[in-house]
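Undergrad: File work-v4.cif below, mmCIF, C-alpha atoms:
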data_run
loop_
_atom_site.label_atom_id
_atom_site.label_comp_id
_atom_site.auth_asym_id
_atom_site.auth_seq_id
_atom_site.Cartn_x
_atom_site.Cartn_y
_atom_site.Cartn_z
CA MET B 254 -43.21 -17.28 11.96
CA GLU B 255 -43.10 -15.34 8.71
CA ARG B 256 -44.68 -12.31 10.40
CA LYS B 257 -41.62 -12.16 12.65
CA LEU B 258 -39.33 -11.53 9.68
CA SER B 259 -38.26 -8.04 8.69
CA LYS B 260 -39.80 -6.42 5.63
CA ARG B 261 -36.39 -6.41 3.94
CA SER B 262 -35.81 -10.11 4.46
CA LEU B 263 -39.21 -10.85 2.93
CA THR B 264 -38.14 -9.11 -0.29
CA LEU B 265 -35.27 -11.56 -0.82
CA LYS B 266 -35.96 -14.36 -3.28
CA PRO B 267 -34.74 -17.94 -2.93
CA SER B 268 -31.62 -18.78 -4.88
CA PRO B 269 -32.11 -21.03 -7.92
CA ILE B 270 -28.52 -22.15 -7.41
CA GLN B 271 -29.34 -23.57 -3.96
CA GLU B 272 -32.51 -25.29 -5.15
CA LEU B 273 -30.75 -26.88 -8.12
CA SER B 274 -27.85 -27.92 -5.88
CA HIS B 275 -30.34 -29.80 -3.73
CA LEU B 276 -31.75 -31.43 -6.87
CA ALA B 277 -28.23 -32.39 -7.92
CA GLN B 278 -27.62 -34.05 -4.55
CA ARG B 279 -30.86 -36.01 -4.78
CA CYS B 280 -29.92 -37.17 -8.30
CA ASN B 281 -26.30 -37.89 -7.34
CA ALA B 282 -25.20 -35.67 -10.23
CA ILE B 283 -21.63 -34.74 -11.08
CA ASN B 284 -21.31 -31.22 -9.71
CA LEU B 285 -20.08 -28.71 -12.27
CA ALA B 286 -22.37 -26.11 -10.75
CA GLU B 287 -20.62 -24.82 -7.66
CA GLY B 288 -17.14 -23.31 -7.67
CA PHE B 289 -15.45 -25.57 -5.15
CA PRO B 290 -12.56 -27.85 -6.15
CA ASP B 291 -12.84 -31.59 -5.63
CA PHE B 292 -9.08 -32.20 -5.56
CA PRO B 293 -6.89 -32.02 -2.44
CA ALA B 294 -5.61 -28.82 -0.90
CA PRO B 295 -1.80 -28.39 -0.81
CA SER B 296 -0.24 -30.76 1.72
CA GLU B 297 1.89 -27.93 3.14
CA LEU B 298 -1.26 -26.00 4.03
CA LYS B 299 -2.91 -28.99 5.69
CA ASP B 300 0.26 -29.85 7.64
CA ALA B 301 0.54 -26.27 8.88
CA ALA B 302 -3.10 -26.29 10.00
CA ILE B 303 -2.66 -29.60 11.84
CA ALA B 304 0.48 -28.31 13.57
CA ALA B 305 -1.31 -25.12 14.63
CA ILE B 306 -4.23 -27.09 16.11
CA ARG B 307 -1.90 -29.39 18.05
CA ALA B 308 -0.01 -26.37 19.38
CA ASP B 309 -3.30 -24.82 20.61
CA PHE B 310 -2.72 -21.91 18.28
CA ASN B 311 -6.42 -21.05 18.34
CA GLN B 312 -7.19 -17.78 20.09
CA TYR B 313 -8.00 -14.23 19.00
CA ARG B 314 -4.52 -12.86 19.51
CA HIS B 315 -3.10 -15.21 16.88
CA VAL B 316 -5.23 -13.72 14.08
CA GLN B 317 -2.82 -10.79 14.01
CA GLY B 318 -0.19 -13.09 12.53
CA LEU B 319 -2.36 -13.50 9.41
CA CYS B 320 -2.76 -9.72 9.18
CA ASP B 321 1.00 -9.31 9.39
CA TYR B 322 1.49 -11.87 6.63
CA LEU B 323 -1.07 -10.20 4.36
CA ALA B 324 0.57 -6.82 4.87
CA GLN B 325 4.02 -8.24 4.03
CA THR B 326 2.90 -10.01 0.85
CA MET B 327 0.99 -6.92 -0.24
CA LYS B 328 4.11 -4.85 0.05
CA LEU B 329 6.15 -7.48 -1.77
CA ASN B 330 3.71 -8.05 -4.64
CA HIS B 331 2.17 -4.61 -5.11
CA GLY B 332 4.54 -2.20 -3.37
CA LEU B 333 1.66 -0.98 -1.22
CA ASP B 334 1.95 -0.01 2.44
CA VAL B 335 -0.79 -1.47 4.60
CA ASP B 336 -0.93 -1.24 8.38
CA PRO B 337 -1.63 -4.80 9.56
CA VAL B 338 -3.22 -3.49 12.76
CA LYS B 339 -5.41 -0.73 11.33
CA ASN B 340 -6.23 -1.75 7.77
CA ILE B 341 -6.94 -5.50 7.75
CA ALA B 342 -9.98 -7.26 9.22
CA ILE B 343 -10.09 -11.07 9.21
CA CYS B 344 -13.60 -12.38 8.48
CA CYS B 345 -15.53 -15.61 8.09
CA GLY B 346 -14.82 -15.92 4.37
CA GLN B 347 -15.14 -13.31 1.63
CA SER B 348 -18.92 -13.37 1.92
CA GLU B 349 -18.84 -12.00 5.45
CA ALA B 350 -16.12 -9.52 4.50
CA PHE B 351 -18.33 -8.20 1.70
CA ALA B 352 -21.45 -8.07 3.89
CA ALA B 353 -19.57 -6.29 6.68
CA THR B 354 -18.20 -3.79 4.19
CA ILE B 355 -21.65 -3.01 2.80
CA LEU B 356 -23.12 -2.61 6.29
CA SER B 357 -20.22 -0.32 7.18
CA VAL B 358 -20.55 2.13 4.30
CA VAL B 359 -24.08 1.94 2.83
CA ASP B 360 -26.90 4.04 4.31
CA GLU B 361 -30.61 4.01 3.56
CA GLY B 362 -31.20 5.13 -0.02
CA ASP B 363 -27.57 4.97 -1.13
CA GLU B 364 -27.08 3.63 -4.64
CA VAL B 365 -24.47 0.94 -5.30
CA LEU B 366 -23.44 0.14 -8.88
CA LEU B 367 -23.16 -3.51 -9.94
CA LEU B 368 -21.83 -4.83 -13.25
CA ASP B 369 -24.35 -7.30 -14.64
CA PRO B 370 -24.31 -10.32 -14.65
CA ALA B 371 -23.38 -10.26 -10.98
CA TYR B 372 -23.02 -12.74 -8.15
CA GLU B 373 -26.41 -12.80 -6.42
CA THR B 374 -25.08 -12.21 -2.89
CA TYR B 375 -24.18 -8.62 -3.76
CA ASP B 376 -27.79 -7.59 -4.36
CA ALA B 377 -29.01 -9.19 -1.13
CA CYS B 378 -26.33 -7.50 1.01
CA ILE B 379 -27.03 -4.08 -0.46
CA THR B 380 -30.80 -4.48 -0.06
CA MET B 381 -30.50 -5.64 3.55
CA ALA B 382 -28.41 -2.53 4.31
CA GLY B 383 -31.14 -0.30 2.87
CA GLY B 384 -29.18 0.51 -0.26
CA ILE B 385 -30.39 0.46 -3.86
CA PRO B 386 -28.60 -1.84 -6.36
CA VAL B 387 -28.14 -0.15 -9.75
CA TYR B 388 -27.13 -2.47 -12.57
CA VAL B 389 -24.89 -1.64 -15.51
CA ALA B 390 -25.08 -4.41 -18.11
CA LEU B 391 -21.92 -5.88 -19.59
CA ASN B 392 -22.34 -6.45 -23.31
CA PRO B 393 -22.23 -10.11 -24.46
CA PRO B 394 -20.65 -12.17 -25.87
CA HIS B 395 -17.31 -10.67 -24.72
CA TRP B 396 -18.88 -8.89 -21.73
CA THR B 397 -17.64 -5.48 -22.75
CA LEU B 398 -18.00 -2.61 -20.32
CA GLU B 399 -19.92 0.12 -22.15
CA ILE B 400 -18.22 3.30 -20.94
CA GLU B 401 -21.09 5.69 -21.67
CA GLU B 402 -23.60 3.49 -19.84
CA LEU B 403 -21.27 3.23 -16.85
CA MET B 404 -20.75 6.99 -16.67
CA ALA B 405 -24.48 7.63 -16.96
CA ALA B 406 -25.17 5.28 -14.04
CA PHE B 407 -23.25 7.45 -11.57
CA THR B 408 -25.46 9.97 -9.76
CA PRO B 409 -25.10 12.17 -6.66
CA ARG B 410 -26.71 9.28 -4.74
CA THR B 411 -24.03 6.76 -5.80
CA LYS B 412 -22.11 5.60 -2.73
CA ALA B 413 -20.00 2.84 -4.26
CA ILE B 414 -19.35 0.55 -7.18
CA VAL B 415 -18.75 -3.18 -6.79
CA LEU B 416 -16.06 -4.69 -9.01
CA ASN B 417 -15.55 -8.46 -9.26
CA SER B 418 -12.45 -9.29 -11.29
CA PRO B 419 -11.73 -11.99 -12.34
CA HIS B 420 -15.46 -12.10 -12.84
CA ASN B 421 -18.04 -14.65 -11.74
CA PRO B 422 -19.81 -15.98 -13.80
CA THR B 423 -18.13 -14.95 -17.08
CA GLY B 424 -14.41 -15.31 -16.30
CA LYS B 425 -13.72 -11.80 -17.61
CA VAL B 426 -10.63 -9.99 -16.31
CA PHE B 427 -11.20 -6.25 -16.53
CA SER B 428 -8.54 -4.43 -18.52
CA ARG B 429 -6.42 -1.54 -17.33
CA ASN B 430 -8.36 0.83 -19.60
CA GLU B 431 -11.68 -0.31 -18.11
CA LEU B 432 -10.30 0.04 -14.59
CA MET B 433 -9.01 3.52 -15.37
CA VAL B 434 -12.51 4.63 -16.36
CA ILE B 435 -13.96 3.17 -13.16
CA ALA B 436 -11.25 4.88 -11.11
CA GLU B 437 -11.81 8.21 -12.87
CA MET B 438 -15.55 8.09 -12.15
CA CYS B 439 -15.01 7.13 -8.51
CA CYS B 440 -12.67 10.06 -8.03
CA ARG B 441 -14.90 12.49 -9.95
CA MET B 442 -18.05 11.48 -8.04
CA ASP B 443 -16.26 10.88 -4.72
CA CYS B 444 -17.40 7.25 -4.55
CA LEU B 445 -16.00 4.16 -2.94
CA ALA B 446 -14.98 1.01 -4.80
CA ILE B 447 -15.65 -2.39 -3.21
CA THR B 448 -13.79 -5.18 -4.95
CA ASP B 449 -14.21 -8.94 -4.82
CA GLU B 450 -10.86 -10.45 -5.80
CA VAL B 451 -11.16 -14.06 -4.66
CA TYR B 452 -9.99 -15.27 -8.10
CA GLU B 453 -7.07 -12.85 -8.28
CA HIS B 454 -4.47 -15.60 -8.63
CA ILE B 455 -6.42 -17.67 -11.14
CA THR B 456 -5.76 -15.81 -14.36
CA PHE B 457 -4.57 -17.07 -17.72
CA ASP B 458 -3.94 -14.75 -20.65
CA SER B 459 -4.81 -11.50 -18.87
CA GLU B 460 -3.15 -9.67 -15.99
CA HIS B 461 -5.15 -9.01 -12.85
CA ILE B 462 -4.77 -5.40 -11.75
CA THR B 463 -5.87 -4.34 -8.29
CA LEU B 464 -8.11 -1.29 -8.63
CA ALA B 465 -6.60 0.20 -5.48
CA SER B 466 -3.24 0.50 -7.26
CA LEU B 467 -4.54 3.08 -9.75
CA PRO B 468 -4.10 6.84 -9.23
CA GLY B 469 -6.49 8.28 -6.67
CA MET B 470 -7.87 4.89 -5.59
CA LEU B 471 -5.63 4.09 -2.64
CA GLU B 472 -7.86 5.93 -0.18
CA ARG B 473 -11.23 4.88 -1.61
CA THR B 474 -10.98 1.14 -2.31
CA ILE B 475 -12.07 -1.65 0.03
CA ILE B 476 -10.94 -5.06 -1.18
CA THR B 477 -12.53 -8.30 -0.05
CA SER B 478 -10.97 -11.69 -0.63
CA SER B 479 -10.20 -15.04 0.93
CA MET B 480 -7.87 -18.02 0.78
CA SER B 481 -10.71 -20.34 -0.23
CA LYS B 482 -10.25 -20.35 -4.00
CA THR B 483 -6.48 -19.89 -4.04
CA TYR B 484 -5.77 -22.91 -1.86
CA SER B 485 -8.84 -25.07 -2.59
CA VAL B 486 -10.20 -24.81 0.95
CA THR B 487 -13.65 -23.28 0.45
CA GLY B 488 -14.92 -24.80 3.72
CA TRP B 489 -12.33 -23.12 5.92
CA ARG B 490 -14.05 -19.71 5.64
CA VAL B 491 -10.95 -17.56 6.09
CA GLY B 492 -11.41 -14.20 4.42
CA TRP B 493 -10.49 -10.58 4.91
CA ALA B 494 -11.37 -7.02 4.14
CA VAL B 495 -8.58 -4.55 3.50
CA ALA B 496 -9.02 -0.84 3.36
CA PRO B 497 -7.55 0.37 1.21
CA PHE B 498 -5.54 -2.61 -0.08
CA GLU B 499 -5.55 -6.38 -0.24
CA ILE B 500 -3.32 -9.17 -1.37
CA ALA B 501 -3.77 -12.92 -1.54
CA SER B 502 -1.26 -15.74 -1.74
CA SER B 503 -0.09 -16.98 -5.11
CA ILE B 504 -2.09 -19.67 -6.82
CA ARG B 505 -0.48 -23.01 -7.33
CA ASN B 506 -0.66 -25.02 -10.50
CA ILE B 507 -2.15 -22.33 -12.77
CA HIS B 508 -1.14 -24.39 -15.77
CA GLU B 509 -3.44 -27.20 -14.63
CA TYR B 510 -6.32 -24.74 -14.31
CA MET B 511 -5.71 -23.59 -17.89
CA GLU B 512 -5.81 -27.20 -19.08
CA ARG B 513 -9.11 -27.74 -17.29
CA ARG B 514 -10.51 -24.54 -18.76
CA ASP B 515 -9.50 -25.48 -22.30
CA TYR B 516 -10.86 -29.00 -21.86
CA ILE B 517 -14.33 -27.91 -20.76
CA VAL B 518 -14.53 -25.13 -23.38
CA ASP B 519 -13.78 -27.67 -26.12
CA LEU B 520 -16.26 -30.11 -24.60
CA LEU B 521 -19.11 -27.59 -24.46
CA ASN B 522 -18.47 -26.40 -28.00
CA ALA B 523 -18.46 -30.01 -29.21
CA ILE B 524 -21.89 -30.83 -27.75
CA GLY B 525 -23.59 -27.73 -29.13
CA PHE B 526 -23.02 -24.88 -26.69
CA LYS B 527 -21.68 -21.55 -27.91
CA VAL B 528 -18.66 -20.39 -25.92
CA HIS B 529 -18.05 -16.96 -27.43
CA PHE B 530 -15.88 -15.77 -24.56
CA LYS B 531 -12.98 -17.90 -23.36
CA PRO B 532 -12.54 -17.25 -19.62
CA GLN B 533 -9.57 -15.08 -18.75
CA GLY B 534 -9.68 -16.00 -15.06
CA ALA B 535 -11.74 -17.49 -12.21
CA VAL B 536 -13.01 -21.09 -12.50
CA PHE B 537 -16.19 -20.84 -14.56
CA VAL B 538 -17.33 -21.04 -18.18
CA PHE B 539 -20.45 -19.06 -19.10
CA ALA B 540 -21.75 -20.97 -22.11
CA GLU B 541 -24.67 -19.95 -24.30
CA LEU B 542 -27.42 -22.33 -25.36
CA PRO B 543 -27.72 -22.47 -29.16
CA GLN B 544 -30.61 -20.63 -30.82
CA THR B 545 -32.00 -24.00 -31.92
CA CYS B 546 -32.61 -24.91 -28.27
CA ALA B 547 -36.28 -24.29 -27.52
CA ILE B 548 -36.01 -24.42 -23.72
CA SER B 549 -34.70 -21.99 -21.12
CA ASP B 550 -31.57 -22.20 -19.02
CA VAL B 551 -33.50 -23.31 -15.93
CA GLU B 552 -35.30 -26.04 -17.85
CA TYR B 553 -32.08 -27.25 -19.44
CA VAL B 554 -30.19 -27.41 -16.13
CA SER B 555 -33.01 -29.30 -14.44
CA GLU B 556 -33.03 -31.89 -17.24
CA LEU B 557 -29.22 -31.97 -17.27
CA ILE B 558 -29.29 -33.03 -13.63
CA LYS B 559 -32.13 -35.54 -13.96
CA VAL B 560 -31.22 -37.09 -17.33
CA ALA B 561 -27.42 -36.90 -17.49
CA GLY B 562 -26.55 -36.64 -13.81
CA VAL B 563 -24.47 -33.49 -14.28
CA ALA B 564 -25.13 -30.26 -12.37
CA ALA B 565 -24.62 -26.72 -13.64
CA VAL B 566 -26.11 -23.30 -12.84
CA PRO B 567 -28.68 -21.44 -14.98
CA GLY B 568 -27.33 -18.04 -15.96
CA CYS B 569 -30.55 -16.12 -15.35
CA GLY B 570 -29.81 -15.98 -11.63
CA PHE B 571 -26.85 -13.70 -12.33
CA PHE B 572 -28.72 -11.15 -14.47
CA HIS B 573 -30.55 -8.21 -12.96
CA ALA B 574 -30.38 -5.33 -15.44
CA LYS B 575 -33.26 -4.92 -17.87
CA GLY B 576 -32.30 -6.27 -21.28
CA LYS B 577 -33.87 -6.45 -24.68
CA SER B 578 -36.39 -9.25 -24.77
CA SER B 579 -38.99 -10.57 -27.10
CA LYS B 580 -42.18 -12.41 -26.26
CA GLN B 581 -42.12 -16.05 -27.19
CA ASP B 582 -45.00 -18.39 -27.87
CA CYS B 583 -45.52 -20.35 -24.65
CA SER B 584 -46.07 -23.49 -26.68
CA GLN B 585 -42.35 -23.54 -27.42
CA SER B 586 -41.55 -24.17 -23.77
CA ASN B 587 -43.74 -27.28 -23.77
CA VAL B 588 -41.64 -29.36 -26.10
CA GLY B 589 -41.13 -33.07 -25.56
CA PRO B 590 -40.33 -34.21 -22.03
CA PHE B 591 -39.98 -30.69 -20.62
CA HIS B 592 -43.65 -29.74 -20.36
CA SER B 593 -43.99 -30.98 -16.79
CA LEU B 594 -40.94 -29.18 -15.43
CA GLU B 595 -41.55 -27.60 -12.04
CA SER B 596 -40.63 -23.95 -11.56
CA VAL B 597 -37.19 -23.58 -10.03
CA GLY B 598 -36.06 -20.47 -8.13
CA SER B 599 -36.87 -16.96 -9.32
CA CYS B 600 -35.63 -17.14 -12.90
CA GLU B 601 -38.07 -16.47 -15.68
CA THR B 602 -38.51 -19.30 -18.16
CA SER B 603 -38.53 -19.07 -21.92
CA CYS B 604 -42.35 -18.81 -21.83
CA THR B 605 -41.97 -15.23 -20.59
CA THR B 606 -38.87 -13.97 -22.35
CA LYS B 607 -36.34 -15.31 -24.77
CA ASP B 608 -33.19 -13.23 -24.64
CA TYR B 609 -29.60 -13.72 -23.62
CA ARG B 610 -30.54 -13.64 -19.92
CA ASN B 611 -32.33 -16.97 -20.33
CA SER B 612 -29.68 -18.50 -22.58
CA TYR B 613 -26.52 -18.98 -20.51
CA ILE B 614 -25.35 -21.86 -18.34
CA ARG B 615 -22.45 -21.63 -15.86
CA PHE B 616 -20.12 -24.62 -15.55
CA ALA B 617 -17.36 -24.84 -12.92
CA TYR B 618 -14.10 -26.49 -13.99
CA CYS B 619 -12.21 -26.39 -10.67
CA LYS B 620 -12.61 -30.16 -10.57
CA SER B 621 -10.28 -33.13 -10.82
CA LYS B 622 -9.51 -34.54 -14.24
CA ALA B 623 -11.43 -37.68 -13.29
CA THR B 624 -14.53 -35.61 -12.50
CA LEU B 625 -14.31 -33.67 -15.76
CA LEU B 626 -13.82 -36.89 -17.76
CA ALA B 627 -16.84 -38.47 -16.09
CA ALA B 628 -18.94 -35.39 -16.79
CA ALA B 629 -17.79 -35.36 -20.43
CA GLU B 630 -18.78 -39.00 -20.86
CA LYS B 631 -22.27 -38.32 -19.53
CA LEU B 632 -22.73 -35.13 -21.56
CA HIS B 633 -21.78 -36.91 -24.77
CA LYS B 634 -23.94 -39.93 -23.92
CA TYR B 635 -27.12 -38.01 -23.13
CA ASN B 636 -26.65 -35.01 -25.41
CA GLU B 637 -29.42 -36.04 -27.81
CA LYS B 638 -31.92 -36.24 -24.94
CA LEU B 639 -31.05 -32.84 -23.52
CA GLY B 640 -32.63 -30.70 -26.20
CA LEU B 641 -29.66 -28.63 -27.38
CA HIS B 642 -30.63 -29.24 -31.01
CA MET B 643 -34.41 -29.21 -30.61
CA MET B 644 -36.38 -26.89 -32.87
#
Could you show the structure in this file as structure tokens?
TA:
Amino acid sequence: MERKLSKRSLTLKPSPIQELSHLAQRCNAINLAEGFPDFPAPSELKDAAIAAIRADFNQYRHVQGLCDYLAQTMKLNHGLDVDPVKNIAICCGQSEAFAATILSVVDEGDEVLLLDPAYETYDACITMAGGIPVYVALNPPHWTLEIEELMAAFTPRTKAIVLNSPHNPTGKVFSRNELMVIAEMCCRMDCLAITDEVYEHITFDSEHITLASLPGMLERTIITSSMSKTYSVTGWRVGWAVAPFEIASSIRNIHEYMERRDYIVDLLNAIGFKVHFKPQGAVFVFAELPQTCAISDVEYVSELIKVAGVAAVPGCGFFHAKGKSSKQDCSQSNVGPFHSLESVGSCETSCTTKDYRNSYIRFAYCKSKATLLAAAEKLHKYNEKLGLHMM
């Protein structure tokens, strides 16, 4: 059947996140890998959904009510005028909204800028549309946007830039100054901006600013988002694309998210990880393996699942831009119990390169306190076996 597939689909690589998620399920591991909450959604939301189902409020015509609501809250929160009939499209989650947007605006050979590390779905959507992903690396450990590199990445072939803020996997919230530079380049080069703002209402010490609100960006920004993260209903798949604006409902219990963030940051630092950048938003910590750790991110996550029963995501799956790397003696990747590790996904192991792209692990903290406590107990218990301090 493979010969029936399109040439473009054959270029897509399997996701290491999916393969490790399957491993986590087989090992019954505590899941700190995927960004879905394991605590209940708000009762008001569930009651409203039940009432709508019982009232047979199920058909196409009723979707317009959600568009009307989005337009009203956008006006209230941002002072922006959006036509609920013309400017809002309800989609099957943010993922479909993003894919539909890419297919709507990207032609064969168009370049689309991505800030690296980047959520892996972006690359696949752009490639399937015939576009060319162009990566601009954020500078660790604080994931700084290098202005000169960004400006140099824009060419006459640039069709759009993708902005994810708050950012997955790092938790960075892009500053007003950074957004102003992006807006200036979009206006100068007559480019579109496609934003992913699903974590808009999960911010802590930094303010989320919608790119579309900046001068000149009203008519050139397409925002994609969903209710999944805001209301802890990732399985409902209710998302939207708004051109040129978007707004989401306010997040509940932000203080509890901050407590969870602080708890897992302290935990990871205590067991040997290096958390240089405290997340400013979203629901992930992007923690660096210490230099004394002789194994790669993929190897560590695989052993974390099998030995400790805790799942996380290797950071290499988020990196695409070419970075500085140094060859490492392959014998270093065959230390102790890790020499028989099977290859997972498309990430390179430490045998090939040893740079920051192989040194980060993403942990999700949108979990109940009981889940985080259980994960902490296992991480402390099995820390010595997991190789963080191996030379």
Undergrad: Compile the contact shell of Ser479 (chain B) as a list in words: residues with an atom at most 9 Å away, counting all atoms listed in the file, same-chain residues fewer than 3 positions apart removed.
TA: Cys344, Cys345, Gly346, Gln347, Ser348, Ala350, Glu450, Val451, Lys482, Thr483, Thr487, Arg490, Val491, Gly492, Trp493, Ala494 and Ala501 of chain B
Undergrad: Please write the residues picked by the PyMOL selection byres ((chain B and resi 486) around 10) on this file as a PyMOL selection string.
TA: chain B and resi 289-295+298-299+479-485+487-491
Undergrad: For each of B:Phe427, B:Tyr510, B:Tyr553, B:Phe407, take the minimum atom-to-atom distance to His454 (chain B), counting only C-alpha atoms, then give the residue where this is smallest.
TA: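 The answer is B:Tyr510, which sits nearest to His454 (chain B).
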Undergrad: As a check of understanding, name the residues that the PyMOL selection byres ((chain B and resi 571) around 8) selects in the supplied structure, as a count of residues only.
TA: 11
Undergrad: For Gly362 (chain B), which residue among B:Leu445, B:Ile476, B:Ile379, B:Ile435 is the nearest when counting all atoms listed in the file?
TA: B:Ile379
Undergrad: So what does the PyMOL selection byres ((chain B and resi 455) around 6) actually pick up in this one, as a PyMOL selection string?
TA: chain B and resi 452-454+456+534-535
Undergrad: Could you state the separation of CA of Ile614 (chain B) and CA of Glu541 (chain B) in Å, given to one decimal place?
TA: 6.3 Å
Undergrad: So, with all atoms listed in the file as the atoms that count, which of B:Ser555, B:Ser549, B:Ser274, B:Ser466 lies closest to Asp334 (chain B)?
TA: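 With all atoms listed in the file as the atom set, the closest residue is B:Ser466.
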Undergrad: I'd like the interatomic distance between CA of Lys620 (chain B) and CA of Asn522 (chain B), to a tenth of an Å.
TA: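 Atom-to-atom, CA of Lys620 (chain B) and CA of Asn522 (chain B) are spaced 18.8 Å apart.
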Undergrad: Have a look at CA of Val563 (chain B) and CA of Ala390 (chain B) and let me know their distance in Å, one decimal.
TA: 29.3 Å
Undergrad: I need the residue nearest Phe530 (chain B) from this list: B:Ile558, B:Ala324, B:Ala352, B:Val426. Use only C-alpha atoms for the distance.
TA: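 Checking each candidate against Phe530 (chain B), we get B:Val426 as the closest.
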Undergrad: Which residues, written as a count of residues only, have at least one atom at most 10 Å from Ile385 (chain B), with all atoms listed in the file counted and residues fewer than 6 positions away on the same chain left out?
TA: 13
Undergrad: Please identify all polymer residues within 9 Å of Met381 (chain B), counting all atoms listed in the file, omitting same-chain residues fewer than 5 positions from it, and present them as a list of chain:residue names.
TA: B:Arg261, B:Ser262, B:Leu265, B:Leu356, B:Asp376
Undergrad: Looking at B:Leu391, B:Val358, B:Ala277, B:Ile517, which one is nearest to Ala574 (chain B), with distances taken over all atoms listed in the file?
TA: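 Looking at the shortest contact to Ala574 (chain B), the residue is B:Leu391.
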Undergrad: My list of candidates is B:Leu333, B:Leu273, B:Pro386, B:Ala436. Which is closest to Glu552 (chain B) when distances are computed with all atoms listed in the file?
TA: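 Between B:Leu333, B:Leu273, B:Pro386, B:Ala436, the residue approaching Glu552 (chain B) most closely is B:Leu273.
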